[in-house]
Amino acid sequence: MDEEYDVIVLGTGLTECILSGLLSVEGKKVLHMDRNDYYGGDSASLNLTQLYRKFRPDKSPPAELGRDRDYAIDLIPKFIIASGELTKILVHTEVTRYLEFKQIAGSFVYRDGKISKVPSTEMEAVKSPLMGLFEKRRAKQFFEFLQNWKDDDPATHQGRNLDTDTMESIYKYFNLEIGTQDFIGHAMALYLDDDYKKKPARPTYERIILYTSSMARWGKSPYLYPLYGLGELPQAFARLSAIYGGTYMLDKQVDEIVLDDAGKFVGVRSGDETVKAKQVIGDPSYFGAGASSAKGSGKMRVVEEHKVIRAICFLKHPIPGTDDSDSVQIIIPQNQVNRRNDIYIAMVSATHNVCAKDNYVAIVSTIIETDRPEMEIAPGLQLLGPIYDKFVSISSLYTPTSSGLDDNIFITRSYDATSHFETVVEDVQDVWKRVIGKDLVLKKREIEPTE
Amino acid sequence: MSRQFQFKLVLLGESAVGKSSLVLRFVKDQFDDYRESTIGAAFLTQTVQLDDATTIRFEIWDTAGQERYKSLAPMYYRNANCAVVVYDITQSASLEKARSWIRELQRQADPSIIIALCGNKTDLSSRRQVTQEEAQKYAEEENLMWCEASAKTGEGVQDVFMAIAKKLPLSAPQSQKGAAAARGGSTGASGGARGVDLNKQTAAPDGCNC
């Protein structure tokens, strides 16, 4: 620990591991530490023992659930959207060689008390029970408009301007019903609330195209999932970092962020050792978030934005109404249940090697709006059928209070309530730019695999 | 028509016992005296010819230094079919470390994993601290394969991997990696549905669009 590093990274969540992987490939000397004895931080997947240690420290898992090692229970519910930025990073860094992916079998949306498959093409829209006959025609025209749109061909614009017209006005132009807008905006564009409607249409257009192109890539659903759980993702990037010289220390207490007289970062103290580095990157829990790290350097460098409730539910059956899919996403748009934020369900099963055979694990989550959060997710829990067991947690979402440009302390954001990893990659790109001083450009690993 | 089987092989052992050097000798028949620690190691594969009709392809995982502070990820052990646990015959402490790695393998890896205990640096036998008898006795007690080799001279290196290749079960499910399945035509243990290869642009051939 007496060496000096370019960057110390604290916490082995996905955001931090992607960063340390990319920084190591870039030639930076990285020391990566985690106070836990496992990889992944908040984006870990836990076995039964670890799950019980976290949620029910005084109990042990029932023998009926089977072998401990068959379980990899995600703490945050997210999927990989096939044509998104995380896929690009996975492919460019070639960490795909450490991972195996399977599709998520279906993507569903709740409307008027029922769940239906999310249509993603004109053809599917025409067959979907989500819309009546006339509404289908209007939706078909809307999708054709988006798919045919070319920026440099005004003939495809129908007099609309994606950069100045609001999304609301585009919906209005095609006379789409509110219920249709709900599934387009929430189940395809994947917005968590309705604020997007008042904003220019382009980001929504881009999100719908991301959804439909992801859908077209593999079929069934636009989502992929790594076998053995999401916790494999940080491990794969940590291995990338290690292969490029990154040093890894798990189970390492971080006692103090050491500063110089000018308040700039100097190093990290663990016990009576201090390791020096030019910069530090870390998740919010190392910078004042939560009670456990209240000691530390004492200084609060993050602020709470929202709280999210997540209920990890063990089921003995697939979710009713999903054609017995082994994995699904279900979105309950906020309007459908008189909320401001969507309720989101992500379910995976033994097919993804995350639990023993004939078990299913669904996570129901939403951003908390009241002082009775468990009541808020009730509409989601009701869709699941009988629940064998349930682990409920409430987490705060933190965001850093400063950019790090003055003190060389760069803090990542908590994992938000969105259903995929695109905001995680945005955070990676944002931190990268502040740490390195230029945009993140993905380059191929230089060393060829040996045949 | 030759059959190819693919297996995941993991290396374990204390830092500086020569894990990477053994692999470098096996895969490229090279040795580098000044190789300090594993940096930028590629994803290594090597095939051995078992008989006229059968080749074994090893997909070799190096610790990449993550063993140093006991920070190997569970991913490392996952689906490993075989392991080479290396010690340095000139350092008796390194055999003690090897013992603890073997315990770790027995705890973390699949119970059917084939483990070879390998004493490296036989070219330095004048400084030997670990006797053959001692290591062999331990290996027998734990039902491990045992051998000695020198990554520097190449002595015994091919033999280690060949001996492992001969012990691998050719009927059992192999490495579940999707790419391996695509090449070898094997199926993953989870049965049926094949994984998705992100490096390919189009849908998998068995992708059902129903």
# chains A, B, ... in the order shown; residues from 1 in each chain; ligands from 1

$ residues_around --residues "segment 340-354 of chain A" --least-positions-apart "4" --cutoff "9 Å" --atoms "only C-alpha atoms" --output "ChimeraX atom specification"
/A:45,47,70-74,77-79,101-102,104,186,191-194,225-229,318-319,326-336,358-369,376-377,379-381,417-419 /B:190-191,193

$ residues_around --residues "segment 139-145 of chain B" --least-positions-apart "4" --cutoff "8 Å" --atoms "only C-alpha atoms" --output "ChimeraX atom specification"
/B:114-117,135

$ residues_around --residues "Ser83 of chain A" --least-positions-apart "3" --cutoff "12 Å" --atoms "only C-alpha atoms" --output "tab-separated table (two decimals) with N, CA and C atoms, in the first residue's frame"
chain	number	residue	atom	x	y	z
A	79	PHE	N	-32.19	-4.06	-16.70
A	79	PHE	CA	-31.83	-4.93	-17.81
A	79	PHE	C	-30.93	-4.16	-18.76
A	80	ILE	N	-30.27	-4.90	-19.65
A	80	ILE	CA	-29.41	-4.26	-20.66
A	80	ILE	C	-30.24	-4.06	-21.91
A	86	LEU	N	-24.42	0.61	-23.00
A	86	LEU	CA	-23.69	-0.40	-22.22
A	86	LEU	C	-23.26	-1.54	-23.13
A	87	THR	N	-24.15	-1.93	-24.06
A	87	THR	CA	-23.79	-2.99	-25.01
A	87	THR	C	-22.54	-2.60	-25.78
A	88	LYS	N	-22.48	-1.33	-26.20
A	88	LYS	CA	-21.30	-0.86	-26.95
A	88	LYS	C	-20.04	-0.99	-26.10
A	89	ILE	N	-20.12	-0.61	-24.83
A	89	ILE	CA	-18.94	-0.70	-23.97
A	89	ILE	C	-18.55	-2.16	-23.76
A	90	LEU	N	-19.54	-3.02	-23.56
A	90	LEU	CA	-19.25	-4.45	-23.36
A	90	LEU	C	-18.53	-5.03	-24.57
A	91	VAL	N	-18.98	-4.65	-25.76
A	91	VAL	CA	-18.40	-5.20	-26.98
A	91	VAL	C	-17.01	-4.60	-27.22
A	206	GLU	N	-35.66	9.60	-30.11
A	206	GLU	CA	-34.45	8.77	-30.03
A	206	GLU	C	-34.64	7.55	-29.12
A	207	ARG	N	-35.38	7.77	-28.02
A	207	ARG	CA	-35.61	6.66	-27.10
A	207	ARG	C	-36.51	5.59	-27.73
A	208	ILE	N	-37.51	6.03	-28.50
A	208	ILE	CA	-38.38	5.04	-29.15
A	208	ILE	C	-37.59	4.26	-30.20
A	209	ILE	N	-36.72	4.96	-30.93
A	209	ILE	CA	-35.90	4.27	-31.93
A	209	ILE	C	-34.93	3.29	-31.24
A	210	LEU	N	-34.37	3.70	-30.08
A	210	LEU	CA	-33.50	2.79	-29.33
A	210	LEU	C	-34.28	1.53	-28.95
A	211	TYR	N	-35.51	1.74	-28.51
A	211	TYR	CA	-36.34	0.59	-28.11
A	211	TYR	C	-36.62	-0.32	-29.30
A	212	THR	N	-37.08	0.28	-30.40
A	212	THR	CA	-37.47	-0.56	-31.54
A	212	THR	C	-36.25	-1.23	-32.19
A	213	SER	N	-35.12	-0.54	-32.22
A	213	SER	CA	-33.94	-1.17	-32.82
A	213	SER	C	-33.40	-2.26	-31.90
A	214	SER	N	-33.52	-2.06	-30.58
A	214	SER	CA	-33.11	-3.10	-29.63
A	214	SER	C	-34.00	-4.33	-29.79
A	215	MET	N	-35.27	-4.05	-29.98
A	215	MET	CA	-36.26	-5.13	-30.18
A	215	MET	C	-35.93	-5.91	-31.45
A	216	ALA	N	-35.57	-5.17	-32.50
A	216	ALA	CA	-35.32	-5.81	-33.79
A	216	ALA	C	-34.06	-6.66	-33.76
A	217	ARG	N	-33.17	-6.35	-32.82
A	217	ARG	CA	-31.87	-7.02	-32.82
A	217	ARG	C	-31.97	-8.50	-32.47
A	218	TRP	N	-32.75	-8.83	-31.47
A	218	TRP	CA	-32.83	-10.24	-31.05
A	218	TRP	C	-34.24	-10.78	-31.05
A	221	SER	N	-37.84	-9.40	-26.91
A	221	SER	CA	-37.87	-8.20	-26.07
A	221	SER	C	-36.61	-7.41	-26.40
A	222	PRO	N	-36.55	-6.15	-26.01
A	222	PRO	CA	-35.33	-5.39	-26.32
A	222	PRO	C	-34.22	-5.61	-25.30
A	223	TYR	N	-34.44	-6.51	-24.34
A	223	TYR	CA	-33.52	-6.59	-23.20
A	223	TYR	C	-32.68	-7.86	-23.17
A	224	LEU	N	-31.47	-7.69	-22.67
A	224	LEU	CA	-30.58	-8.81	-22.41
A	224	LEU	C	-30.26	-8.84	-20.92
A	420	HIS	N	-33.09	0.30	-17.16
A	420	HIS	CA	-31.92	-0.20	-17.87
A	420	HIS	C	-30.69	0.60	-17.43
A	421	PHE	N	-29.56	0.34	-18.10
A	421	PHE	CA	-28.28	0.90	-17.63
A	421	PHE	C	-27.84	2.17	-18.36
A	422	GLU	N	-28.72	2.75	-19.17
A	422	GLU	CA	-28.27	3.88	-19.97
A	422	GLU	C	-27.83	5.07	-19.11
B	198	LEU	N	-23.21	-10.95	-28.18
B	198	LEU	CA	-23.34	-9.51	-28.41
B	198	LEU	C	-22.48	-9.02	-29.56
B	199	ASN	N	-21.46	-9.82	-29.92
B	199	ASN	CA	-20.58	-9.37	-30.99
B	199	ASN	C	-21.19	-9.57	-32.37
B	200	LYS	N	-22.30	-10.27	-32.41
B	200	LYS	CA	-22.97	-10.46	-33.69
B	200	LYS	C	-24.09	-9.44	-33.84
B	201	GLN	N	-24.28	-9.01	-35.07
B	201	GLN	CA	-25.26	-7.96	-35.32
B	201	GLN	C	-26.70	-8.48	-35.40
B	202	THR	N	-26.84	-9.67	-35.91
B	202	THR	CA	-28.20	-10.16	-36.18
B	202	THR	C	-28.64	-11.16	-35.13

$ residues_around --residues "segment 247-254 of chain A" --least-positions-apart "2" --cutoff "7 Å" --atoms "only C-alpha atoms" --output "list in words"
Val30, Leu31, His32, Met33, Asp34, Arg35, Asn36, Asp37, Tyr38, Ala242, Gly245, Glu256, Val268, Arg269 and Ser270 of chain A; Gln66, Tyr69 and Ser71 of chain B

$ write_last_selection --atoms "N, CA and C atoms" --output "JSON list (two decimals), in the first residue's frame"
[["chain", "number", "residue", "atom", "x", "y", "z"],
["A", 30, "VAL", "N", -4.33, 2.18, -11.24],
["A", 30, "VAL", "CA", -5.57, 2.23, -10.47],
["A", 30, "VAL", "C", -5.50, 1.31, -9.25],
["A", 31, "LEU", "N", -5.93, 1.86, -8.10],
["A", 31, "LEU", "CA", -6.16, 1.02, -6.91],
["A", 31, "LEU", "C", -7.66, 1.03, -6.65],
["A", 32, "HIS", "N", -8.26, -0.16, -6.60],
["A", 32, "HIS", "CA", -9.71, -0.24, -6.43],
["A", 32, "HIS", "C", -10.00, -0.93, -5.10],
["A", 33, "MET", "N", -10.73, -0.25, -4.22],
["A", 33, "MET", "CA", -11.01, -0.79, -2.89],
["A", 33, "MET", "C", -12.51, -0.88, -2.65],
["A", 34, "ASP", "N", -12.90, -1.85, -1.81],
["A", 34, "ASP", "CA", -14.31, -1.97, -1.43],
["A", 34, "ASP", "C", -14.36, -2.41, 0.02],
["A", 35, "ARG", "N", -15.27, -1.81, 0.80],
["A", 35, "ARG", "CA", -15.36, -2.19, 2.21],
["A", 35, "ARG", "C", -16.00, -3.57, 2.37],
["A", 36, "ASN", "N", -16.79, -3.99, 1.35],
["A", 36, "ASN", "CA", -17.42, -5.31, 1.42],
["A", 36, "ASN", "C", -16.45, -6.40, 0.99],
["A", 37, "ASP", "N", -16.76, -7.64, 1.38],
["A", 37, "ASP", "CA", -15.90, -8.75, 0.95],
["A", 37, "ASP", "C", -16.41, -9.38, -0.35],
["A", 38, "TYR", "N", -17.32, -8.67, -1.03],
["A", 38, "TYR", "CA", -17.80, -9.14, -2.33],
["A", 38, "TYR", "C", -17.79, -7.98, -3.32],
["A", 242, "ALA", "N", -7.95, -5.35, -13.81],
["A", 242, "ALA", "CA", -6.83, -6.12, -13.24],
["A", 242, "ALA", "C", -5.87, -6.57, -14.33],
["A", 245, "GLY", "N", -3.44, -4.12, -15.09],
["A", 245, "GLY", "CA", -2.59, -3.67, -13.98],
["A", 245, "GLY", "C", -3.30, -3.09, -12.79],
["A", 256, "GLU", "N", -10.79, 7.31, 6.00],
["A", 256, "GLU", "CA", -10.71, 8.76, 5.84],
["A", 256, "GLU", "C", -10.29, 9.13, 4.43],
["A", 268, "VAL", "N", -6.20, 8.08, 0.65],
["A", 268, "VAL", "CA", -7.24, 7.41, 1.39],
["A", 268, "VAL", "C", -6.59, 6.69, 2.56],
["A", 269, "ARG", "N", -7.15, 6.89, 3.77],
["A", 269, "ARG", "CA", -6.59, 6.22, 4.94],
["A", 269, "ARG", "C", -7.44, 5.00, 5.30],
["A", 270, "SER", "N", -6.76, 3.88, 5.50],
["A", 270, "SER", "CA", -7.41, 2.67, 5.98],
["A", 270, "SER", "C", -6.59, 2.19, 7.16],
["B", 66, "GLN", "N", -5.41, -10.51, -9.15],
["B", 66, "GLN", "CA", -6.50, -10.31, -8.19],
["B", 66, "GLN", "C", -6.39, -11.24, -6.99],
["B", 69, "TYR", "N", -4.62, -9.66, -2.95],
["B", 69, "TYR", "CA", -5.29, -9.25, -1.72],
["B", 69, "TYR", "C", -6.59, -10.03, -1.55],
["B", 71, "SER", "N", -8.82, -11.03, -3.61],
["B", 71, "SER", "CA", -9.94, -10.34, -4.23],
["B", 71, "SER", "C", -10.34, -10.97, -5.57]]

$ atom_distance --atom1 "atom CA of Tyr110 of chain A" --atom2 "atom CA of Ser325 of chain A"
16.1 Å

$ residues_around --residues "Gly154 of chain B" --least-positions-apart "3" --cutoff "9 Å" --atoms "only C-alpha atoms" --output "list in words"
Leu22, Arg25, Phe26, Asp29, Gln30, Phe31, Ala149, Ser150, Ala151, Val157 and Gln158 of chain B

$ select_by_dssp --residues "segment 337-385 of chain A" --states "helix (DSSP H, G or I)" --output "PyMOL selection string"
chain A and resi 337+350-352+373-376+378-382

$ residues_around --residues "Lys121 of chain B" --least-positions-apart "5" --cutoff "9 Å" --atoms "only C-alpha atoms" --output "list in words"
Val17, Gly18, Tyr87, Asp88, Ile89, Thr90, Arg128, Glu148, Ala149, Ser150, Ala151, Lys152 and Thr153 of chain B

$ closest_residue --among "A:Leu99, A:Ile436, A:Leu10, A:Leu397" --to "chain B" --atoms "only C-alpha atoms"
A:Leu99

$ closest_residue --among "B:Ala64, B:Leu11, B:Ala80, B:Val48" --to "chain A" --atoms "only C-alpha atoms"
B:Ala64

$ residues_around --residues "Val7 of chain A" --least-positions-apart "2" --cutoff "10 Å" --atoms "only C-alpha atoms" --output "list in words"
Glu4, Tyr5, Val9, Leu10, Ser20, Leu23, Ser24, Lys28, Lys29, Val30, Leu31, His32, Gly246, Gly267, Lys276, Ala277, Lys278, Gln279, Val280, Ile281, Asn408 and Val435 of chain A

$ write_last_selection --atoms "C-alpha atoms" --output "mmCIF file, in the first residue's frame"
data_model
loop_
_atom_site.group_PDB
_atom_site.id
_atom_site.type_symbol
_atom_site.label_atom_id
_atom_site.label_comp_id
_atom_site.auth_asym_id
_atom_site.auth_seq_id
_atom_site.Cartn_x
_atom_site.Cartn_y
_atom_site.Cartn_z
ATOM 1 C CA GLU A 4 1.332 6.035 -5.281
ATOM 2 C CA TYR A 5 -1.522 5.641 -7.722
ATOM 3 C CA VAL A 9 -11.573 3.955 -6.906
ATOM 4 C CA LEU A 10 -13.840 3.303 -3.915
ATOM 5 C CA SER A 20 -11.571 1.525 -13.407
ATOM 6 C CA LEU A 23 -8.935 3.921 -16.849
ATOM 7 C CA SER A 24 -6.616 0.911 -16.610
ATOM 8 C CA LYS A 28 -3.702 4.808 -15.499
ATOM 9 C CA LYS A 29 -2.418 3.146 -12.362
ATOM 10 C CA VAL A 30 -5.572 2.225 -10.468
ATOM 11 C CA LEU A 31 -6.160 1.022 -6.914
ATOM 12 C CA HIS A 32 -9.710 -0.243 -6.428
ATOM 13 C CA GLY A 246 -5.379 -2.496 -11.670
ATOM 14 C CA GLY A 267 -5.070 9.945 -0.351
ATOM 15 C CA LYS A 276 -1.771 8.421 -2.030
ATOM 16 C CA ALA A 277 -3.196 9.152 -5.446
ATOM 17 C CA LYS A 278 -3.834 12.091 -7.724
ATOM 18 C CA GLN A 279 -7.575 11.533 -7.938
ATOM 19 C CA VAL A 280 -10.295 9.566 -6.211
ATOM 20 C CA ILE A 281 -13.529 8.214 -7.658
ATOM 21 C CA ASN A 408 -9.999 15.889 -7.334
ATOM 22 C CA VAL A 435 -11.394 12.955 -14.449
#

$ select_by_dssp --residues "segment 140-326 of chain A" --states "strand (DSSP E)" --output "PDB file with C-alpha atoms, in the first residue's frame"
ATOM      1  CA  TYR A 223     -33.517  -6.592 -23.203  1.00  0.00           C
ATOM      2  CA  LEU A 224     -30.576  -8.810 -22.412  1.00  0.00           C
ATOM      3  CA  TYR A 225     -29.490 -10.191 -19.073  1.00  0.00           C
ATOM      4  CA  PRO A 226     -26.170 -11.699 -17.955  1.00  0.00           C
ATOM      5  CA  THR A 247      -4.909  -3.510  -8.025  1.00  0.00           C
ATOM      6  CA  TYR A 248      -7.911  -4.924  -6.189  1.00  0.00           C
ATOM      7  CA  MET A 249      -8.584  -4.921  -2.454  1.00  0.00           C
ATOM      8  CA  GLU A 256     -10.711   8.763   5.845  1.00  0.00           C
ATOM      9  CA  ILE A 257     -10.466  10.788   2.672  1.00  0.00           C
ATOM     10  CA  VAL A 258      -7.242  12.690   3.315  1.00  0.00           C
ATOM     11  CA  LEU A 259      -7.008  16.282   2.080  1.00  0.00           C
ATOM     12  CA  PHE A 265      -7.495  15.163  -2.343  1.00  0.00           C
ATOM     13  CA  VAL A 266      -4.253  13.552  -1.142  1.00  0.00           C
ATOM     14  CA  GLY A 267      -5.070   9.945  -0.351  1.00  0.00           C
ATOM     15  CA  VAL A 268      -7.245   7.407   1.390  1.00  0.00           C
ATOM     16  CA  ARG A 269      -6.593   6.216   4.935  1.00  0.00           C
ATOM     17  CA  SER A 270      -7.410   2.665   5.976  1.00  0.00           C
ATOM     18  CA  GLU A 273      -2.027   3.235   6.341  1.00  0.00           C
ATOM     19  CA  THR A 274      -2.592   6.053   3.870  1.00  0.00           C
ATOM     20  CA  VAL A 275      -2.409   5.429   0.138  1.00  0.00           C
ATOM     21  CA  LYS A 276      -1.771   8.421  -2.030  1.00  0.00           C
ATOM     22  CA  ALA A 277      -3.196   9.152  -5.446  1.00  0.00           C
ATOM     23  CA  LYS A 278      -3.834  12.091  -7.724  1.00  0.00           C
ATOM     24  CA  GLN A 279      -7.575  11.533  -7.938  1.00  0.00           C
ATOM     25  CA  VAL A 280     -10.295   9.566  -6.211  1.00  0.00           C
ATOM     26  CA  ILE A 281     -13.529   8.214  -7.658  1.00  0.00           C
ATOM     27  CA  GLY A 282     -16.143   6.616  -5.467  1.00  0.00           C
ATOM     28  CA  VAL A 302     -23.611  14.095  -1.696  1.00  0.00           C
ATOM     29  CA  VAL A 303     -27.239  15.119  -1.497  1.00  0.00           C
ATOM     30  CA  GLU A 304     -30.347  12.936  -1.461  1.00  0.00           C
ATOM     31  CA  GLU A 305     -32.580  13.378  -4.500  1.00  0.00           C
ATOM     32  CA  HIS A 306     -35.293  10.753  -4.160  1.00  0.00           C
ATOM     33  CA  LYS A 307     -36.023   7.578  -2.325  1.00  0.00           C
ATOM     34  CA  VAL A 308     -36.778   4.338  -4.133  1.00  0.00           C
ATOM     35  CA  ILE A 309     -38.642   1.344  -2.752  1.00  0.00           C
ATOM     36  CA  ARG A 310     -37.663  -2.075  -4.065  1.00  0.00           C
ATOM     37  CA  ALA A 311     -39.396  -5.307  -3.121  1.00  0.00           C
ATOM     38  CA  ILE A 312     -37.510  -8.475  -4.041  1.00  0.00           C
ATOM     39  CA  CYS A 313     -40.198 -11.152  -4.353  1.00  0.00           C
ATOM     40  CA  PHE A 314     -39.579 -14.910  -4.561  1.00  0.00           C
ATOM     41  CA  LEU A 315     -42.268 -16.654  -6.588  1.00  0.00           C
TER      42      LEU A 315
END

$ closest_residue --among "A:Ile243, A:Ala289, A:Leu146, A:Ile8" --to "chain B" --atoms "only C-alpha atoms"
A:Ile243

$ atom_distance --atom1 "atom CA of Gly159 of chain A" --atom2 "atom CA of Tyr173 of chain A"
10.3 Å

$ closest_residue --among "A:Pro234, A:Gly288, A:Pro386, A:Gly66" --to "chain B" --atoms "only C-alpha atoms"
A:Pro234

$ decode --residues "segment 103-178 of chain B" --atoms "C-alpha atoms" --output "PDB file, in the first residue's frame"
ATOM      1  CA  ARG B 103      -9.406 -25.327  -0.022  1.00  0.00           C
ATOM      2  CA  GLU B 104     -10.864 -22.244  -1.718  1.00  0.00           C
ATOM      3  CA  LEU B 105     -11.451 -24.236  -4.911  1.00  0.00           C
ATOM      4  CA  GLN B 106     -13.125 -27.016  -2.981  1.00  0.00           C
ATOM      5  CA  ARG B 107     -15.397 -24.416  -1.422  1.00  0.00           C
ATOM      6  CA  GLN B 108     -16.141 -22.223  -4.451  1.00  0.00           C
ATOM      7  CA  ALA B 109     -15.774 -24.311  -7.570  1.00  0.00           C
ATOM      8  CA  ASP B 110     -17.878 -27.080  -9.007  1.00  0.00           C
ATOM      9  CA  PRO B 111     -17.300 -30.319  -7.053  1.00  0.00           C
ATOM     10  CA  SER B 112     -16.345 -32.121 -10.270  1.00  0.00           C
ATOM     11  CA  ILE B 113     -13.429 -29.743 -10.968  1.00  0.00           C
ATOM     12  CA  ILE B 114     -10.132 -31.438 -11.810  1.00  0.00           C
ATOM     13  CA  ILE B 115      -7.260 -29.958  -9.818  1.00  0.00           C
ATOM     14  CA  ALA B 116      -3.578 -30.314 -10.640  1.00  0.00           C
ATOM     15  CA  LEU B 117      -0.987 -29.255  -8.070  1.00  0.00           C
ATOM     16  CA  CYS B 118       2.107 -28.139  -9.929  1.00  0.00           C
ATOM     17  CA  GLY B 119       5.569 -27.367  -8.519  1.00  0.00           C
ATOM     18  CA  ASN B 120       7.252 -24.824 -10.776  1.00  0.00           C
ATOM     19  CA  LYS B 121      10.930 -23.807 -11.137  1.00  0.00           C
ATOM     20  CA  THR B 122      12.547 -27.279 -11.323  1.00  0.00           C
ATOM     21  CA  ASP B 123      15.439 -25.508 -13.092  1.00  0.00           C
ATOM     22  CA  LEU B 124      16.298 -24.126  -9.627  1.00  0.00           C
ATOM     23  CA  SER B 125      16.318 -27.552  -7.951  1.00  0.00           C
ATOM     24  CA  SER B 126      19.573 -26.757  -6.136  1.00  0.00           C
ATOM     25  CA  ARG B 127      17.519 -24.329  -4.029  1.00  0.00           C
ATOM     26  CA  ARG B 128      14.670 -26.781  -3.537  1.00  0.00           C
ATOM     27  CA  GLN B 129      12.716 -26.378  -0.289  1.00  0.00           C
ATOM     28  CA  VAL B 130       9.702 -28.521  -1.139  1.00  0.00           C
ATOM     29  CA  THR B 131      10.488 -32.193  -1.578  1.00  0.00           C
ATOM     30  CA  GLN B 132       8.700 -34.246  -4.190  1.00  0.00           C
ATOM     31  CA  GLU B 133       7.575 -36.679  -1.485  1.00  0.00           C
ATOM     32  CA  GLU B 134       5.963 -33.978   0.617  1.00  0.00           C
ATOM     33  CA  ALA B 135       3.979 -32.456  -2.263  1.00  0.00           C
ATOM     34  CA  GLN B 136       3.038 -35.826  -3.712  1.00  0.00           C
ATOM     35  CA  LYS B 137       1.773 -37.083  -0.353  1.00  0.00           C
ATOM     36  CA  TYR B 138      -0.427 -34.038   0.073  1.00  0.00           C
ATOM     37  CA  ALA B 139      -1.764 -34.397  -3.483  1.00  0.00           C
ATOM     38  CA  GLU B 140      -2.649 -38.022  -2.864  1.00  0.00           C
ATOM     39  CA  GLU B 141      -4.455 -37.171   0.355  1.00  0.00           C
ATOM     40  CA  GLU B 142      -6.545 -34.568  -1.409  1.00  0.00           C
ATOM     41  CA  ASN B 143      -7.000 -36.658  -4.549  1.00  0.00           C
ATOM     42  CA  LEU B 144      -5.261 -34.106  -6.770  1.00  0.00           C
ATOM     43  CA  MET B 145      -3.058 -34.598  -9.783  1.00  0.00           C
ATOM     44  CA  TRP B 146       0.541 -33.673  -9.049  1.00  0.00           C
ATOM     45  CA  CYS B 147       3.503 -32.755 -11.205  1.00  0.00           C
ATOM     46  CA  GLU B 148       6.606 -30.591 -11.398  1.00  0.00           C
ATOM     47  CA  ALA B 149       7.631 -28.350 -14.253  1.00  0.00           C
ATOM     48  CA  SER B 150       9.900 -25.527 -15.304  1.00  0.00           C
ATOM     49  CA  ALA B 151       8.383 -22.678 -17.236  1.00  0.00           C
ATOM     50  CA  LYS B 152      11.931 -21.479 -17.903  1.00  0.00           C
ATOM     51  CA  THR B 153      13.237 -24.634 -19.600  1.00  0.00           C
ATOM     52  CA  GLY B 154       9.824 -25.919 -20.662  1.00  0.00           C
ATOM     53  CA  GLU B 155      10.410 -29.210 -18.883  1.00  0.00           C
ATOM     54  CA  GLY B 156       7.145 -30.906 -17.905  1.00  0.00           C
ATOM     55  CA  VAL B 157       4.922 -28.024 -19.025  1.00  0.00           C
ATOM     56  CA  GLN B 158       3.129 -29.741 -21.904  1.00  0.00           C
ATOM     57  CA  ASP B 159       2.776 -32.830 -19.719  1.00  0.00           C
ATOM     58  CA  VAL B 160       0.739 -30.949 -17.113  1.00  0.00           C
ATOM     59  CA  PHE B 161      -1.845 -29.851 -19.615  1.00  0.00           C
ATOM     60  CA  MET B 162      -1.869 -33.161 -21.464  1.00  0.00           C
ATOM     61  CA  ALA B 163      -2.419 -35.045 -18.217  1.00  0.00           C
ATOM     62  CA  ILE B 164      -5.361 -32.778 -17.404  1.00  0.00           C
ATOM     63  CA  ALA B 165      -6.759 -33.180 -20.918  1.00  0.00           C
ATOM     64  CA  LYS B 166      -6.755 -36.945 -20.469  1.00  0.00           C
ATOM     65  CA  LYS B 167      -8.729 -36.702 -17.238  1.00  0.00           C
ATOM     66  CA  LEU B 168     -11.441 -34.381 -18.482  1.00  0.00           C
ATOM     67  CA  PRO B 169     -14.798 -36.048 -18.985  1.00  0.00           C
ATOM     68  CA  LEU B 170     -15.698 -35.778 -22.669  1.00  0.00           C
ATOM     69  CA  SER B 171     -19.350 -36.610 -22.140  1.00  0.00           C
ATOM     70  CA  ALA B 172     -20.215 -34.105 -19.447  1.00  0.00           C
ATOM     71  CA  PRO B 173     -21.490 -30.609 -20.188  1.00  0.00           C
ATOM     72  CA  GLN B 174     -18.566 -28.385 -21.005  1.00  0.00           C
ATOM     73  CA  SER B 175     -17.816 -24.751 -20.528  1.00  0.00           C
ATOM     74  CA  GLN B 176     -21.088 -22.920 -20.879  1.00  0.00           C
ATOM     75  CA  LYS B 177     -19.655 -19.975 -22.710  1.00  0.00           C
ATOM     76  CA  GLY B 178     -21.850 -19.125 -25.654  1.00  0.00           C
TER      77      GLY B 178
END
